[in-house]
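J.: Got work_19.txt for you, compact mmCIF, N, CA and C atoms:
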# COMPACT_ATOMS: atom_id res chain seq x y z
N MET A 1 -5.25 18.82 30.38
CA MET A 1 -4.51 18.54 31.60
C MET A 1 -3.02 18.42 31.28
N SER A 2 -2.22 18.86 32.20
CA SER A 2 -0.79 18.72 32.01
C SER A 2 -0.37 17.29 32.32
N LYS A 3 0.87 16.97 31.97
CA LYS A 3 1.39 15.62 32.22
C LYS A 3 1.34 15.29 33.70
N ILE A 4 1.66 16.24 34.54
CA ILE A 4 1.64 16.02 35.99
C ILE A 4 0.22 15.71 36.46
N ASP A 5 -0.76 16.45 35.97
CA ASP A 5 -2.15 16.20 36.34
C ASP A 5 -2.58 14.78 35.94
N LEU A 6 -2.21 14.34 34.74
CA LEU A 6 -2.58 13.01 34.27
C LEU A 6 -1.96 11.93 35.14
N GLU A 7 -0.74 12.15 35.59
CA GLU A 7 -0.07 11.17 36.43
C GLU A 7 -0.74 11.07 37.80
N ASN A 8 -1.29 12.17 38.27
CA ASN A 8 -1.92 12.18 39.59
C ASN A 8 -3.40 11.79 39.55
N LEU A 9 -3.95 11.64 38.36
CA LEU A 9 -5.35 11.29 38.22
C LEU A 9 -5.57 9.88 38.74
N LYS A 10 -6.46 9.74 39.70
CA LYS A 10 -6.72 8.42 40.28
C LYS A 10 -7.42 7.53 39.27
N THR A 11 -6.95 6.30 39.16
CA THR A 11 -7.59 5.35 38.26
C THR A 11 -8.69 4.59 38.96
N GLU A 12 -8.67 4.58 40.29
CA GLU A 12 -9.72 3.91 41.06
C GLU A 12 -10.32 4.89 42.05
N LEU A 13 -11.60 4.72 42.28
CA LEU A 13 -12.34 5.62 43.16
C LEU A 13 -13.02 4.83 44.26
N SER A 14 -13.13 5.44 45.42
CA SER A 14 -13.90 4.83 46.50
C SER A 14 -15.38 5.01 46.20
N VAL A 15 -16.22 4.30 46.92
CA VAL A 15 -17.66 4.42 46.70
C VAL A 15 -18.13 5.85 46.99
N GLY A 16 -17.54 6.49 47.98
CA GLY A 16 -17.90 7.88 48.29
C GLY A 16 -17.51 8.83 47.17
N GLU A 17 -16.34 8.61 46.57
CA GLU A 17 -15.91 9.44 45.45
C GLU A 17 -16.81 9.23 44.23
N VAL A 18 -17.20 7.98 43.99
CA VAL A 18 -18.10 7.69 42.87
C VAL A 18 -19.44 8.39 43.11
N ALA A 19 -19.93 8.31 44.35
CA ALA A 19 -21.20 8.95 44.68
C ALA A 19 -21.12 10.46 44.48
N ALA A 20 -20.05 11.07 44.97
CA ALA A 20 -19.90 12.52 44.86
C ALA A 20 -19.80 12.95 43.39
N ARG A 21 -19.04 12.20 42.60
CA ARG A 21 -18.83 12.58 41.21
C ARG A 21 -20.05 12.30 40.33
N SER A 22 -20.77 11.22 40.63
CA SER A 22 -21.89 10.83 39.77
C SER A 22 -23.22 11.45 40.19
N GLY A 23 -23.28 11.94 41.44
CA GLY A 23 -24.55 12.48 41.93
C GLY A 23 -25.54 11.41 42.33
N VAL A 24 -25.06 10.20 42.54
CA VAL A 24 -25.89 9.07 42.93
C VAL A 24 -25.54 8.70 44.37
N ALA A 25 -26.55 8.37 45.15
CA ALA A 25 -26.33 8.00 46.55
C ALA A 25 -25.49 6.73 46.65
N VAL A 26 -24.73 6.63 47.72
CA VAL A 26 -23.92 5.44 47.97
C VAL A 26 -24.81 4.19 47.95
N SER A 27 -25.99 4.29 48.53
CA SER A 27 -26.90 3.14 48.56
C SER A 27 -27.30 2.72 47.15
N ALA A 28 -27.46 3.66 46.24
CA ALA A 28 -27.79 3.34 44.85
C ALA A 28 -26.62 2.64 44.17
N ILE A 29 -25.41 3.08 44.46
CA ILE A 29 -24.22 2.45 43.90
C ILE A 29 -24.13 1.00 44.38
N HIS A 30 -24.38 0.79 45.66
CA HIS A 30 -24.39 -0.58 46.19
C HIS A 30 -25.48 -1.41 45.51
N PHE A 31 -26.64 -0.81 45.29
CA PHE A 31 -27.75 -1.49 44.63
C PHE A 31 -27.38 -1.87 43.20
N TYR A 32 -26.79 -0.92 42.46
CA TYR A 32 -26.36 -1.20 41.09
C TYR A 32 -25.36 -2.35 41.05
N GLU A 33 -24.46 -2.35 42.03
CA GLU A 33 -23.47 -3.42 42.09
C GLU A 33 -24.13 -4.76 42.43
N GLU A 34 -25.06 -4.73 43.36
CA GLU A 34 -25.79 -5.95 43.74
C GLU A 34 -26.55 -6.53 42.55
N LYS A 35 -27.09 -5.67 41.70
CA LYS A 35 -27.85 -6.10 40.52
C LYS A 35 -26.96 -6.46 39.33
N GLY A 36 -25.65 -6.27 39.48
CA GLY A 36 -24.73 -6.64 38.41
C GLY A 36 -24.57 -5.62 37.32
N LEU A 37 -25.01 -4.38 37.57
CA LEU A 37 -24.88 -3.32 36.58
C LEU A 37 -23.47 -2.75 36.55
N ILE A 38 -22.83 -2.72 37.71
CA ILE A 38 -21.45 -2.22 37.84
C ILE A 38 -20.69 -3.21 38.73
N SER A 39 -19.39 -3.07 38.75
CA SER A 39 -18.59 -3.95 39.61
C SER A 39 -17.44 -3.16 40.23
N SER A 40 -16.92 -3.72 41.31
CA SER A 40 -15.78 -3.13 41.99
C SER A 40 -14.86 -4.25 42.43
N ARG A 41 -13.75 -3.87 42.94
CA ARG A 41 -12.85 -4.83 43.56
C ARG A 41 -12.68 -4.40 45.02
N ARG A 42 -12.21 -5.28 45.85
CA ARG A 42 -11.95 -4.94 47.25
C ARG A 42 -10.45 -4.78 47.46
N ASN A 43 -10.07 -3.71 48.18
CA ASN A 43 -8.65 -3.52 48.47
C ASN A 43 -8.28 -4.33 49.72
N LYS A 44 -7.04 -4.19 50.16
CA LYS A 44 -6.58 -4.94 51.32
C LYS A 44 -7.38 -4.63 52.58
N GLY A 45 -7.93 -3.43 52.65
CA GLY A 45 -8.77 -3.04 53.80
C GLY A 45 -10.23 -3.42 53.60
N ASN A 46 -10.53 -4.20 52.58
CA ASN A 46 -11.88 -4.68 52.23
C ASN A 46 -12.82 -3.54 51.83
N GLN A 47 -12.25 -2.46 51.31
CA GLN A 47 -13.06 -1.35 50.82
C GLN A 47 -13.24 -1.47 49.31
N ARG A 48 -14.42 -1.07 48.84
CA ARG A 48 -14.69 -1.12 47.41
C ARG A 48 -13.84 -0.11 46.67
N ARG A 49 -13.34 -0.51 45.51
CA ARG A 49 -12.62 0.38 44.62
C ARG A 49 -13.20 0.18 43.22
N PHE A 50 -13.60 1.28 42.61
CA PHE A 50 -14.21 1.25 41.29
C PHE A 50 -13.26 1.84 40.27
N LYS A 51 -13.24 1.25 39.07
CA LYS A 51 -12.50 1.86 37.98
C LYS A 51 -13.22 3.14 37.61
N ARG A 52 -12.46 4.11 37.16
CA ARG A 52 -13.01 5.43 36.85
C ARG A 52 -14.12 5.37 35.79
N ASP A 53 -14.05 4.40 34.87
CA ASP A 53 -15.07 4.34 33.82
C ASP A 53 -16.46 3.96 34.35
N VAL A 54 -16.55 3.60 35.63
CA VAL A 54 -17.87 3.33 36.22
C VAL A 54 -18.73 4.59 36.21
N LEU A 55 -18.09 5.76 36.18
CA LEU A 55 -18.84 7.02 36.14
C LEU A 55 -19.68 7.11 34.86
N ARG A 56 -19.12 6.66 33.75
CA ARG A 56 -19.85 6.68 32.49
C ARG A 56 -21.02 5.71 32.54
N ILE A 57 -20.80 4.53 33.10
CA ILE A 57 -21.86 3.53 33.19
C ILE A 57 -22.99 4.04 34.09
N ILE A 58 -22.64 4.63 35.22
CA ILE A 58 -23.67 5.16 36.13
C ILE A 58 -24.44 6.30 35.45
N SER A 59 -23.75 7.14 34.70
CA SER A 59 -24.44 8.21 33.96
C SER A 59 -25.42 7.62 32.96
N LEU A 60 -24.99 6.58 32.27
CA LEU A 60 -25.87 5.91 31.32
C LEU A 60 -27.10 5.33 32.03
N ILE A 61 -26.88 4.71 33.18
CA ILE A 61 -27.99 4.13 33.95
C ILE A 61 -28.98 5.22 34.34
N LYS A 62 -28.46 6.34 34.84
CA LYS A 62 -29.34 7.43 35.28
C LYS A 62 -30.16 7.99 34.12
N VAL A 63 -29.52 8.22 32.99
CA VAL A 63 -30.23 8.77 31.83
C VAL A 63 -31.27 7.76 31.34
N ALA A 64 -30.87 6.50 31.23
CA ALA A 64 -31.79 5.47 30.75
C ALA A 64 -32.99 5.33 31.68
N GLN A 65 -32.75 5.33 32.98
CA GLN A 65 -33.86 5.24 33.93
C GLN A 65 -34.78 6.45 33.80
N GLY A 66 -34.20 7.62 33.58
CA GLY A 66 -34.99 8.83 33.40
C GLY A 66 -35.87 8.77 32.17
N LEU A 67 -35.48 7.96 31.20
CA LEU A 67 -36.27 7.77 29.99
C LEU A 67 -37.27 6.63 30.14
N GLY A 68 -37.27 6.01 31.32
CA GLY A 68 -38.22 4.93 31.56
C GLY A 68 -37.73 3.55 31.16
N ILE A 69 -36.45 3.42 30.88
CA ILE A 69 -35.92 2.11 30.53
C ILE A 69 -35.71 1.33 31.83
N PRO A 70 -36.30 0.14 31.93
CA PRO A 70 -36.17 -0.64 33.16
C PRO A 70 -34.74 -1.10 33.40
N LEU A 71 -34.38 -1.27 34.68
CA LEU A 71 -33.03 -1.72 35.03
C LEU A 71 -32.70 -3.06 34.36
N GLU A 72 -33.67 -3.92 34.23
CA GLU A 72 -33.44 -5.21 33.60
C GLU A 72 -32.95 -5.04 32.16
N ALA A 73 -33.55 -4.11 31.43
CA ALA A 73 -33.14 -3.84 30.05
C ALA A 73 -31.76 -3.19 30.02
N ILE A 74 -31.48 -2.33 30.98
CA ILE A 74 -30.16 -1.69 31.06
C ILE A 74 -29.10 -2.76 31.32
N LYS A 75 -29.38 -3.65 32.26
CA LYS A 75 -28.44 -4.73 32.58
C LYS A 75 -28.21 -5.63 31.37
N LYS A 76 -29.27 -5.96 30.68
CA LYS A 76 -29.15 -6.81 29.50
C LYS A 76 -28.22 -6.17 28.47
N ALA A 77 -28.36 -4.87 28.27
CA ALA A 77 -27.50 -4.16 27.33
C ALA A 77 -26.06 -4.13 27.83
N LEU A 78 -25.88 -3.83 29.11
CA LEU A 78 -24.53 -3.77 29.66
C LEU A 78 -23.85 -5.13 29.67
N ASP A 79 -24.63 -6.19 29.79
CA ASP A 79 -24.06 -7.54 29.78
C ASP A 79 -23.41 -7.89 28.45
N THR A 80 -23.76 -7.17 27.39
CA THR A 80 -23.16 -7.43 26.09
C THR A 80 -21.80 -6.75 25.95
N MET A 81 -21.45 -5.91 26.90
CA MET A 81 -20.19 -5.17 26.84
C MET A 81 -19.06 -5.97 27.50
N PRO A 82 -17.83 -5.78 27.02
CA PRO A 82 -16.68 -6.49 27.60
C PRO A 82 -16.49 -6.12 29.07
N LYS A 83 -16.12 -7.10 29.88
CA LYS A 83 -15.93 -6.87 31.32
C LYS A 83 -14.45 -6.75 31.69
N ASN A 84 -13.57 -7.23 30.81
CA ASN A 84 -12.16 -7.33 31.16
C ASN A 84 -11.31 -6.13 30.74
N ARG A 85 -11.96 -5.10 30.21
CA ARG A 85 -11.21 -3.92 29.77
C ARG A 85 -12.11 -2.68 29.80
N GLN A 86 -11.46 -1.53 29.70
CA GLN A 86 -12.22 -0.28 29.64
C GLN A 86 -12.98 -0.25 28.32
N LEU A 87 -14.20 0.25 28.37
CA LEU A 87 -15.04 0.31 27.18
C LEU A 87 -14.50 1.36 26.22
N THR A 88 -14.58 1.05 24.96
CA THR A 88 -14.10 1.95 23.92
C THR A 88 -15.27 2.70 23.28
N GLY A 89 -14.94 3.65 22.43
CA GLY A 89 -15.97 4.35 21.69
C GLY A 89 -16.78 3.40 20.82
N GLU A 90 -16.12 2.40 20.26
CA GLU A 90 -16.81 1.39 19.44
C GLU A 90 -17.81 0.59 20.29
N ASP A 91 -17.40 0.26 21.53
CA ASP A 91 -18.30 -0.46 22.44
C ASP A 91 -19.55 0.37 22.71
N TRP A 92 -19.37 1.66 22.97
CA TRP A 92 -20.50 2.54 23.26
C TRP A 92 -21.38 2.69 22.03
N HIS A 93 -20.76 2.71 20.84
CA HIS A 93 -21.54 2.81 19.60
C HIS A 93 -22.44 1.58 19.43
N LYS A 94 -21.88 0.39 19.70
CA LYS A 94 -22.67 -0.85 19.60
C LYS A 94 -23.85 -0.81 20.56
N LEU A 95 -23.58 -0.37 21.78
CA LEU A 95 -24.64 -0.29 22.79
C LEU A 95 -25.73 0.68 22.36
N SER A 96 -25.33 1.84 21.90
CA SER A 96 -26.32 2.85 21.51
C SER A 96 -27.12 2.41 20.29
N SER A 97 -26.49 1.70 19.37
CA SER A 97 -27.21 1.22 18.18
C SER A 97 -28.33 0.28 18.57
N LYS A 98 -28.08 -0.57 19.55
CA LYS A 98 -29.09 -1.52 19.99
C LYS A 98 -30.29 -0.81 20.60
N TRP A 99 -30.04 0.33 21.21
CA TRP A 99 -31.12 1.06 21.88
C TRP A 99 -31.89 1.99 20.96
N LYS A 100 -31.34 2.34 19.83
CA LYS A 100 -31.99 3.33 18.96
C LYS A 100 -33.40 2.91 18.58
N GLU A 101 -33.58 1.65 18.18
CA GLU A 101 -34.90 1.18 17.78
C GLU A 101 -35.88 1.28 18.95
N ASP A 102 -35.45 0.84 20.11
CA ASP A 102 -36.33 0.91 21.30
C ASP A 102 -36.66 2.35 21.64
N LEU A 103 -35.68 3.23 21.58
CA LEU A 103 -35.93 4.64 21.90
C LEU A 103 -36.85 5.28 20.88
N ASN A 104 -36.67 4.97 19.61
CA ASN A 104 -37.57 5.51 18.58
C ASN A 104 -39.00 5.04 18.81
N GLU A 105 -39.16 3.79 19.20
CA GLU A 105 -40.50 3.26 19.50
C GLU A 105 -41.11 3.98 20.70
N ARG A 106 -40.29 4.21 21.72
CA ARG A 106 -40.78 4.94 22.91
C ARG A 106 -41.19 6.37 22.54
N ILE A 107 -40.40 7.02 21.71
CA ILE A 107 -40.71 8.38 21.28
C ILE A 107 -42.04 8.41 20.54
N THR A 108 -42.25 7.45 19.66
CA THR A 108 -43.50 7.36 18.91
C THR A 108 -44.68 7.19 19.86
N LYS A 109 -44.54 6.29 20.83
CA LYS A 109 -45.63 6.05 21.79
C LYS A 109 -45.89 7.28 22.65
N MET A 110 -44.83 7.95 23.08
CA MET A 110 -45.02 9.14 23.92
C MET A 110 -45.66 10.27 23.13
N THR A 111 -45.30 10.40 21.86
CA THR A 111 -45.92 11.42 21.01
C THR A 111 -47.41 11.13 20.85
N ARG A 112 -47.72 9.86 20.59
CA ARG A 112 -49.13 9.47 20.47
C ARG A 112 -49.88 9.76 21.77
N MET A 113 -49.26 9.44 22.89
CA MET A 113 -49.91 9.67 24.18
C MET A 113 -50.14 11.16 24.40
N ARG A 114 -49.12 11.96 24.13
CA ARG A 114 -49.25 13.40 24.28
C ARG A 114 -50.40 13.94 23.45
N ASP A 115 -50.50 13.46 22.21
CA ASP A 115 -51.51 13.97 21.29
C ASP A 115 -52.91 13.43 21.58
N GLN A 116 -53.02 12.26 22.19
CA GLN A 116 -54.33 11.64 22.41
C GLN A 116 -54.81 11.71 23.85
N LEU A 117 -53.96 12.11 24.77
CA LEU A 117 -54.28 12.03 26.19
C LEU A 117 -55.58 12.73 26.57
N THR A 118 -55.87 13.85 25.95
CA THR A 118 -57.10 14.57 26.29
C THR A 118 -58.30 14.06 25.50
N HIS A 119 -58.09 13.10 24.63
CA HIS A 119 -59.16 12.52 23.81
C HIS A 119 -59.29 11.04 24.13
N CYS A 120 -59.97 10.34 23.30
CA CYS A 120 -60.14 8.89 23.46
C CYS A 120 -58.80 8.19 23.25
N ILE A 121 -58.47 7.26 24.15
CA ILE A 121 -57.26 6.46 23.99
C ILE A 121 -57.61 5.01 23.67
N GLY A 122 -58.90 4.72 23.56
CA GLY A 122 -59.33 3.38 23.18
C GLY A 122 -59.33 2.38 24.31
N CYS A 123 -59.54 2.86 25.54
CA CYS A 123 -59.47 1.96 26.70
C CYS A 123 -60.78 1.23 26.96
N GLY A 124 -61.87 1.69 26.36
CA GLY A 124 -63.15 1.03 26.57
C GLY A 124 -63.93 1.52 27.76
N CYS A 125 -63.52 2.64 28.36
CA CYS A 125 -64.20 3.11 29.58
C CYS A 125 -65.62 3.60 29.30
N LEU A 126 -65.83 4.22 28.16
CA LEU A 126 -67.13 4.78 27.76
C LEU A 126 -67.72 5.68 28.84
N SER A 127 -66.85 6.32 29.61
CA SER A 127 -67.32 7.17 30.69
C SER A 127 -67.35 8.65 30.33
N LEU A 128 -66.59 9.04 29.34
CA LEU A 128 -66.58 10.44 28.96
C LEU A 128 -67.65 10.70 27.92
N LYS A 129 -68.11 11.91 27.85
CA LYS A 129 -69.13 12.25 26.85
C LYS A 129 -68.63 11.97 25.43
N GLU A 130 -67.32 12.08 25.23
CA GLU A 130 -66.76 11.88 23.90
C GLU A 130 -66.66 10.41 23.51
N CYS A 131 -66.55 9.52 24.48
CA CYS A 131 -66.33 8.11 24.14
C CYS A 131 -67.41 7.53 23.22
N PRO A 132 -68.68 7.78 23.47
CA PRO A 132 -69.68 7.23 22.55
C PRO A 132 -69.52 7.79 21.13
N LEU A 133 -68.90 8.97 21.01
CA LEU A 133 -68.69 9.55 19.69
C LEU A 133 -67.44 8.96 19.02
N ARG A 134 -66.39 8.79 19.79
CA ARG A 134 -65.12 8.31 19.25
C ARG A 134 -65.04 6.79 19.21
N ASN A 135 -65.73 6.15 20.12
CA ASN A 135 -65.64 4.69 20.24
C ASN A 135 -67.03 4.12 20.50
N PRO A 136 -67.95 4.31 19.57
CA PRO A 136 -69.31 3.86 19.81
C PRO A 136 -69.38 2.35 20.03
N LEU A 137 -70.15 1.98 21.05
CA LEU A 137 -70.35 0.58 21.41
C LEU A 137 -69.03 -0.17 21.63
N ASP A 138 -68.02 0.59 22.04
CA ASP A 138 -66.70 0.02 22.33
C ASP A 138 -66.17 -0.84 21.19
N LYS A 139 -66.30 -0.34 19.97
CA LYS A 139 -65.82 -1.05 18.79
C LYS A 139 -64.32 -1.32 18.84
N LEU A 140 -63.58 -0.45 19.57
CA LEU A 140 -62.14 -0.64 19.64
C LEU A 140 -61.74 -1.90 20.41
N SER A 141 -62.70 -2.48 21.13
CA SER A 141 -62.38 -3.72 21.86
C SER A 141 -62.00 -4.84 20.91
N GLU A 142 -62.43 -4.73 19.67
CA GLU A 142 -62.07 -5.74 18.66
C GLU A 142 -60.57 -5.73 18.35
N LYS A 143 -59.93 -4.60 18.64
CA LYS A 143 -58.50 -4.47 18.38
C LYS A 143 -57.65 -4.94 19.55
N GLY A 144 -58.27 -5.23 20.68
CA GLY A 144 -57.51 -5.71 21.84
C GLY A 144 -57.91 -5.02 23.12
N THR A 145 -57.18 -5.31 24.17
CA THR A 145 -57.47 -4.74 25.48
C THR A 145 -56.63 -3.50 25.72
N GLY A 146 -57.05 -2.72 26.71
CA GLY A 146 -56.27 -1.56 27.11
C GLY A 146 -56.42 -0.39 26.16
N ALA A 147 -55.43 0.49 26.22
CA ALA A 147 -55.45 1.73 25.43
C ALA A 147 -54.99 1.44 24.01
N VAL A 148 -55.87 0.84 23.21
CA VAL A 148 -55.48 0.36 21.88
C VAL A 148 -55.04 1.47 20.94
N LEU A 149 -55.48 2.67 21.14
CA LEU A 149 -55.05 3.76 20.26
C LEU A 149 -53.64 4.24 20.62
N LEU A 150 -53.19 3.92 21.81
CA LEU A 150 -51.84 4.32 22.23
C LEU A 150 -50.84 3.17 22.12
N GLU A 151 -51.30 1.96 22.18
CA GLU A 151 -50.38 0.82 22.20
C GLU A 151 -50.20 0.21 20.89
Let me see whether you can do it: turn the structure in this file into structure tokens.

T.:
Amino acid sequence: MSKIDLENLKTELSVGEVAARSGVAVSAIHFYEEKGLISSRRNKGNQRRFKRDVLRIISLIKVAQGLGIPLEAIKKALDTMPKNRQLTGEDWHKLSSKWKEDLNERITKMTRMRDQLTHCIGCGCLSLKECPLRNPLDKLSEKGTGAVLLE
């Protein structure tokens, strides 16, 4: 961008501009704000104004939700980030490091599920012809409840 473009770049966005740029409905932006995931300030006309870096946070929320990370966990992670300044690359690195272990665990579970889904998952149903072969007399119940081979 040229110097003129940078000078004209808006530092604050309306809720409609955030929605258009992020691909998230205005109602979702309001919901995220209500849940404390993002914040805005009110201008003299009582309209919401968001700092431009909210686009990165909303993108993170969307990707994390798409991976099955609950909003509560997303909020907990975002709560560790500074609120009084724009987030830096170091801040994002800290956030991503905290999630790596959880994401690796999710990947392992999803791989196991993918590989076992058509076979016994250790749920104790004993309804398929294969269950008496793979889990005779529901022996897997000794390991716990639910899909013990996946969990």

J.: May I ask for the distance between atom CA of A:Ile69 and atom C of A:Phe50, given in Å to one decimal place?

T.: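 Distance reported for this atom pair: 24.7 Å.
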
J.: Tell me, as a PyMOL selection string, which residues lie within 8 Å of stretch 76-86 of chain A, counting only C-alpha atoms; anything in the same chain fewer than 6 positions away does not count.

T.: chain A and resi 37+53+95+98

J.: Taking only C-alpha atoms into account, which of A:Gln65, A:Glu151, A:Gln47, A:Cys131 comes nearest A:Glu105?

T.: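 The shortest atom-to-atom distance to A:Glu105 comes from A:Glu151.
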
J.: So how many Å separate atom N of A:Thr108 and atom CA of A:Leu71, to one decimal?

T.: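 Computing it gives 20.1 Å between the two atoms.
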
J.: Which centre and which edge lengths, in Å to one decimal, describe the axis-aligned box that holds all listed atoms of stretch 135-148 of chain A after 8 Å is added on each side, as AutoDock Vina command-line options?

T.:
--center_x -62.7 --center_y 0.2 --center_z 22.7 --size_x 31.4 --size_y 27.9 --size_z 24.8

J.: At what distance in Å, to one decimal, does atom CA of A:Val148 lie from atom CA of A:Leu133?

T.: 16.2 Å

J.: Name the closest residue to A:Arg49 among the candidates A:Ala73, A:Leu150, A:Leu117, A:Leu13; distances are taken between atoms, counting all atoms listed in the file.

T.: A:Leu13

J.: May I have all residues of chain A that DSSP, computed from the backbone, assigns to strand (DSSP E or B), given as number ranges by chain?

T.: A: 12-13, 41-42, 48-51

J.: Could you save the residues just selected, with N, CA and C atoms, as a tab-separated table (two decimals), in the frame of the given file?

T.:
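Okay, again.tsv is ready:
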chain	number	residue	atom	x	y	z
A	12	GLU	N	-8.67	4.58	40.29
A	12	GLU	CA	-9.72	3.91	41.06
A	12	GLU	C	-10.32	4.89	42.05
A	13	LEU	N	-11.60	4.72	42.28
A	13	LEU	CA	-12.34	5.62	43.16
A	13	LEU	C	-13.02	4.83	44.26
A	41	ARG	N	-13.75	-3.87	42.94
A	41	ARG	CA	-12.85	-4.83	43.56
A	41	ARG	C	-12.68	-4.40	45.02
A	42	ARG	N	-12.21	-5.28	45.85
A	42	ARG	CA	-11.95	-4.94	47.25
A	42	ARG	C	-10.45	-4.78	47.46
A	48	ARG	N	-14.42	-1.07	48.84
A	48	ARG	CA	-14.69	-1.12	47.41
A	48	ARG	C	-13.84	-0.11	46.67
A	49	ARG	N	-13.34	-0.51	45.51
A	49	ARG	CA	-12.62	0.38	44.62
A	49	ARG	C	-13.20	0.18	43.22
A	50	PHE	N	-13.60	1.28	42.61
A	50	PHE	CA	-14.21	1.25	41.29
A	50	PHE	C	-13.26	1.84	40.27
A	51	LYS	N	-13.24	1.25	39.07
A	51	LYS	CA	-12.50	1.86	37.98
A	51	LYS	C	-13.22	3.14	37.61

J.: Run DSSP on the backbone and give me the residues of chain A it puts in helix (DSSP H, G or I), as a count of residues only.

T.: 84

J.: Counting only N, CA and C atoms, which of A:Gly144, A:Glu17, A:Ser22, A:Leu137 gets nearest to A:Arg56?

T.: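 Of all the options, A:Ser22 lies closest to A:Arg56.
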
J.: Could you give me, as a list in words, the residues within 7 Å of A:Cys123, counting all atoms listed in the file and dropping anything in the same chain fewer than 4 positions from it?

T.: Thr145, Gly146, Ala147, Val148 and Leu149 of chain A

J.: Please write the residues from the selection above to a file, keeping N, CA and C atoms, as a CSV table (one decimal), keeping the file's coordinate frame.

T.:
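Result file part.csv:
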chain,number,residue,atom,x,y,z
A,145,THR,N,-57.2,-5.3,24.2
A,145,THR,CA,-57.5,-4.7,25.5
A,145,THR,C,-56.6,-3.5,25.7
A,146,GLY,N,-57.0,-2.7,26.7
A,146,GLY,CA,-56.3,-1.6,27.1
A,146,GLY,C,-56.4,-0.4,26.2
A,147,ALA,N,-55.4,0.5,26.2
A,147,ALA,CA,-55.4,1.7,25.4
A,147,ALA,C,-55.0,1.4,24.0
A,148,VAL,N,-55.9,0.8,23.2
A,148,VAL,CA,-55.5,0.4,21.9
A,148,VAL,C,-55.0,1.5,20.9
A,149,LEU,N,-55.5,2.7,21.1
A,149,LEU,CA,-55.0,3.8,20.3
A,149,LEU,C,-53.6,4.2,20.6
